[in-house]
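Asks: Okay, handing you the structure first.
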Amino acid sequence: MNIYAYSTETYQSLNWIKVGQTKNDVEGRINAQDLTANPEELNVLKSWEVLPSVSDHDVHRELLELGATKVRDNREWFETTLEVIDQAVINAIMNSDGIVGFTPPPQSEVRELANKLEIKLDKLCLMTA
């Protein structure tokens with residue numbers, strides 16, 4: 001699943017940004033929305049690959065919590081900045097079922113794995129020296 005943000009040159013000057021989602025290629029999805037009704041080119045500002053448990057509705061809710069405002073009711077356009085959208089995506093990920101249901105491995109297993117990785121890294125450094 002991908003969350004994406006795009007705008008036009010004029011809308012971006014107003015801090016109006018569209019936040020949506022797609023299971024497919026982000027560029028393809030945005031190109032499909034760039035129809036004859038749009039006088040300006042749609043510019044991808046950023047996209048985030050997220051777990052399927054995270055939706056654009058989750059990000060929209062977080063945006064509103066962070067103080068962004070909707071440009072129009074029932075639309076996915078927000079008056080906000082890319083930095084706020086970044087934070088909204090992070091918050092949506094942290095609040096998703098994919099993270100809440102995660103049980104970390106025991107600390108002893110984490111230490112063991114870290115030690116193995118350190119040994120492999122040391123060997124790699126010796127081989128490339």
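Identifiers in this document derive from the order of the structure tokens: chains are assigned A, B, ..., residues are numbered from 1 separately in each chain, and ligands are numbered from 1 in order of occurrence.
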Do you know which residues are at most 10 Å from Leu66 (chain A) counting only C-alpha atoms, after dropping those on the same chain fewer than 2 positions away, and could you put them as a list in words?

Replies: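 Everything that qualifies: His60, Arg61, Glu62, Leu63, Leu64, Ala68, Thr69, Thr80, Val84, Ile85, Gln87, Ala88 and Asn91 of chain A.
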
Asks: Which residues come within 8 Å of region 36-45 of chain A, counting only C-alpha atoms, excluding same-chain residues fewer than 5 positions away, as a PyMOL selection string?

Replies: chain A and resi 4-9+27+30-31+82

Asks: Keeping N, CA, C and O atoms for every residue in the selection just given, could you write it to a file as an mmCIF file, in the first residue's frame?

Replies:
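Generated output (again.cif):
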data_model
loop_
_atom_site.group_PDB
_atom_site.id
_atom_site.type_symbol
_atom_site.label_atom_id
_atom_site.label_comp_id
_atom_site.auth_asym_id
_atom_site.auth_seq_id
_atom_site.Cartn_x
_atom_site.Cartn_y
_atom_site.Cartn_z
ATOM 1 N N TYR A 4 0.300 8.748 -0.825
ATOM 2 C CA TYR A 4 0.992 9.729 -1.654
ATOM 3 C C TYR A 4 0.457 11.128 -1.393
ATOM 4 O O TYR A 4 -0.651 11.309 -0.892
ATOM 5 N N ALA A 5 1.286 12.102 -1.733
ATOM 6 C CA ALA A 5 0.909 13.512 -1.641
ATOM 7 C C ALA A 5 1.267 14.166 -2.970
ATOM 8 O O ALA A 5 2.357 13.957 -3.487
ATOM 9 N N TYR A 6 0.315 14.916 -3.516
ATOM 10 C CA TYR A 6 0.605 15.673 -4.733
ATOM 11 C C TYR A 6 -0.093 17.016 -4.694
ATOM 12 O O TYR A 6 -0.966 17.261 -3.856
ATOM 13 N N SER A 7 0.302 17.878 -5.603
ATOM 14 C CA SER A 7 -0.291 19.198 -5.707
ATOM 15 C C SER A 7 -0.014 19.740 -7.102
ATOM 16 O O SER A 7 0.592 19.061 -7.935
ATOM 17 N N THR A 8 -0.478 20.945 -7.347
ATOM 18 C CA THR A 8 -0.130 21.666 -8.566
ATOM 19 C C THR A 8 0.714 22.873 -8.147
ATOM 20 O O THR A 8 0.799 23.181 -6.950
ATOM 21 N N GLU A 9 1.299 23.531 -9.074
ATOM 22 C CA GLU A 9 2.121 24.707 -8.737
ATOM 23 C C GLU A 9 1.297 25.756 -7.990
ATOM 24 O O GLU A 9 1.719 26.284 -6.964
ATOM 25 N N GLU A 27 2.848 6.935 -9.468
ATOM 26 C CA GLU A 27 2.824 7.775 -10.675
ATOM 27 C C GLU A 27 1.626 7.430 -11.555
ATOM 28 O O GLU A 27 0.958 8.309 -12.087
ATOM 29 N N ILE A 30 -1.623 8.804 -10.002
ATOM 30 C CA ILE A 30 -1.746 10.257 -10.141
ATOM 31 C C ILE A 30 -1.997 10.629 -11.596
ATOM 32 O O ILE A 30 -2.808 11.503 -11.890
ATOM 33 N N ASN A 31 -1.334 9.949 -12.520
ATOM 34 C CA ASN A 31 -1.592 10.203 -13.943
ATOM 35 C C ASN A 31 -3.047 9.928 -14.296
ATOM 36 O O ASN A 31 -3.630 10.627 -15.128
ATOM 37 N N LEU A 82 4.235 19.520 3.807
ATOM 38 C CA LEU A 82 4.749 18.167 3.645
ATOM 39 C C LEU A 82 5.305 17.625 4.965
ATOM 40 O O LEU A 82 5.175 16.437 5.260
#

Asks: Compile the contact shell of Trp48 (chain A) as number ranges by chain: residues with an atom at most 10 Å away, counting only C-alpha atoms, same-chain residues fewer than 5 positions apart removed.

Replies: A: 1-5, 21, 26, 86, 89-90

Asks: Can you list every residue in chain A that DSSP puts in strand (DSSP E), as number ranges by chain?

Replies: A: 2-7, 16-22, 43-49, 69-70, 77-79

Asks: Based on the selection just made, write N, CA and C atoms of those residues as a compact mmCIF listing (two decimals), in the first residue's frame.

Replies:
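Here's the written file part20.txt:
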# COMPACT_ATOMS: atom_id res chain seq x y z
N ASN A 2 0.50 2.22 -0.78
CA ASN A 2 1.25 3.48 -0.85
C ASN A 2 0.35 4.64 -0.49
N ILE A 3 0.85 5.50 0.36
CA ILE A 3 0.22 6.80 0.63
C ILE A 3 1.00 7.80 -0.20
N TYR A 4 0.30 8.75 -0.82
CA TYR A 4 0.99 9.73 -1.65
C TYR A 4 0.46 11.13 -1.39
N ALA A 5 1.29 12.10 -1.73
CA ALA A 5 0.91 13.51 -1.64
C ALA A 5 1.27 14.17 -2.97
N TYR A 6 0.31 14.92 -3.52
CA TYR A 6 0.61 15.67 -4.73
C TYR A 6 -0.09 17.02 -4.69
N SER A 7 0.30 17.88 -5.60
CA SER A 7 -0.29 19.20 -5.71
C SER A 7 -0.01 19.74 -7.10
N TRP A 16 -2.00 23.75 -0.42
CA TRP A 16 -3.06 22.77 -0.66
C TRP A 16 -2.42 21.51 -1.22
N ILE A 17 -2.59 20.41 -0.50
CA ILE A 17 -1.96 19.15 -0.89
C ILE A 17 -2.99 18.03 -0.82
N LYS A 18 -3.02 17.21 -1.86
CA LYS A 18 -3.91 16.04 -1.92
C LYS A 18 -3.17 14.87 -1.30
N VAL A 19 -3.84 14.14 -0.40
CA VAL A 19 -3.27 12.96 0.23
C VAL A 19 -4.18 11.79 -0.08
N GLY A 20 -3.64 10.77 -0.75
CA GLY A 20 -4.44 9.62 -1.13
C GLY A 20 -3.67 8.33 -0.94
N GLN A 21 -4.24 7.25 -1.45
CA GLN A 21 -3.59 5.94 -1.34
C GLN A 21 -3.82 5.15 -2.61
N THR A 22 -2.94 4.19 -2.83
CA THR A 22 -3.08 3.27 -3.95
C THR A 22 -2.34 1.98 -3.64
N ASN A 43 1.89 17.33 -9.54
CA ASN A 43 3.27 17.02 -9.16
C ASN A 43 3.30 16.16 -7.91
N VAL A 44 3.93 14.98 -8.01
CA VAL A 44 4.10 14.13 -6.84
C VAL A 44 5.08 14.81 -5.90
N LEU A 45 4.66 15.01 -4.66
CA LEU A 45 5.54 15.62 -3.68
C LEU A 45 6.30 14.57 -2.88
N LYS A 46 5.59 13.47 -2.56
CA LYS A 46 6.23 12.40 -1.80
C LYS A 46 5.28 11.21 -1.74
N SER A 47 5.85 10.02 -1.56
CA SER A 47 5.02 8.84 -1.32
C SER A 47 5.68 8.01 -0.24
N TRP A 48 4.85 7.22 0.45
CA TRP A 48 5.29 6.38 1.55
C TRP A 48 4.74 4.99 1.34
N GLU A 49 5.59 3.97 1.43
CA GLU A 49 5.11 2.60 1.38
C GLU A 49 4.74 2.20 2.81
N THR A 69 -6.16 21.60 7.88
CA THR A 69 -7.58 21.81 7.60
C THR A 69 -7.91 21.29 6.21
N LYS A 70 -9.14 20.81 6.06
CA LYS A 70 -9.58 20.35 4.75
C LYS A 70 -9.90 21.57 3.89
N TRP A 77 -8.10 16.93 -0.03
CA TRP A 77 -7.18 18.06 -0.14
C TRP A 77 -7.09 18.76 1.21
N PHE A 78 -5.84 19.02 1.63
CA PHE A 78 -5.62 19.65 2.93
C PHE A 78 -4.76 20.89 2.77
N GLU A 79 -5.01 21.87 3.63
CA GLU A 79 -4.11 23.01 3.73
C GLU A 79 -3.11 22.63 4.82

Asks: What is the distance, in Å and to one decimal place, between CA of Gly67 (chain A) and CA of Ala92 (chain A)?

Replies: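 Taking CA of Gly67 (chain A) and CA of Ala92 (chain A), their separation equals 14.9 Å.
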
Asks: Can you tell me how far CA of Asn15 (chain A) sits from CA of Arg75 (chain A), in Å to one decimal?

Replies: 15.1 Å
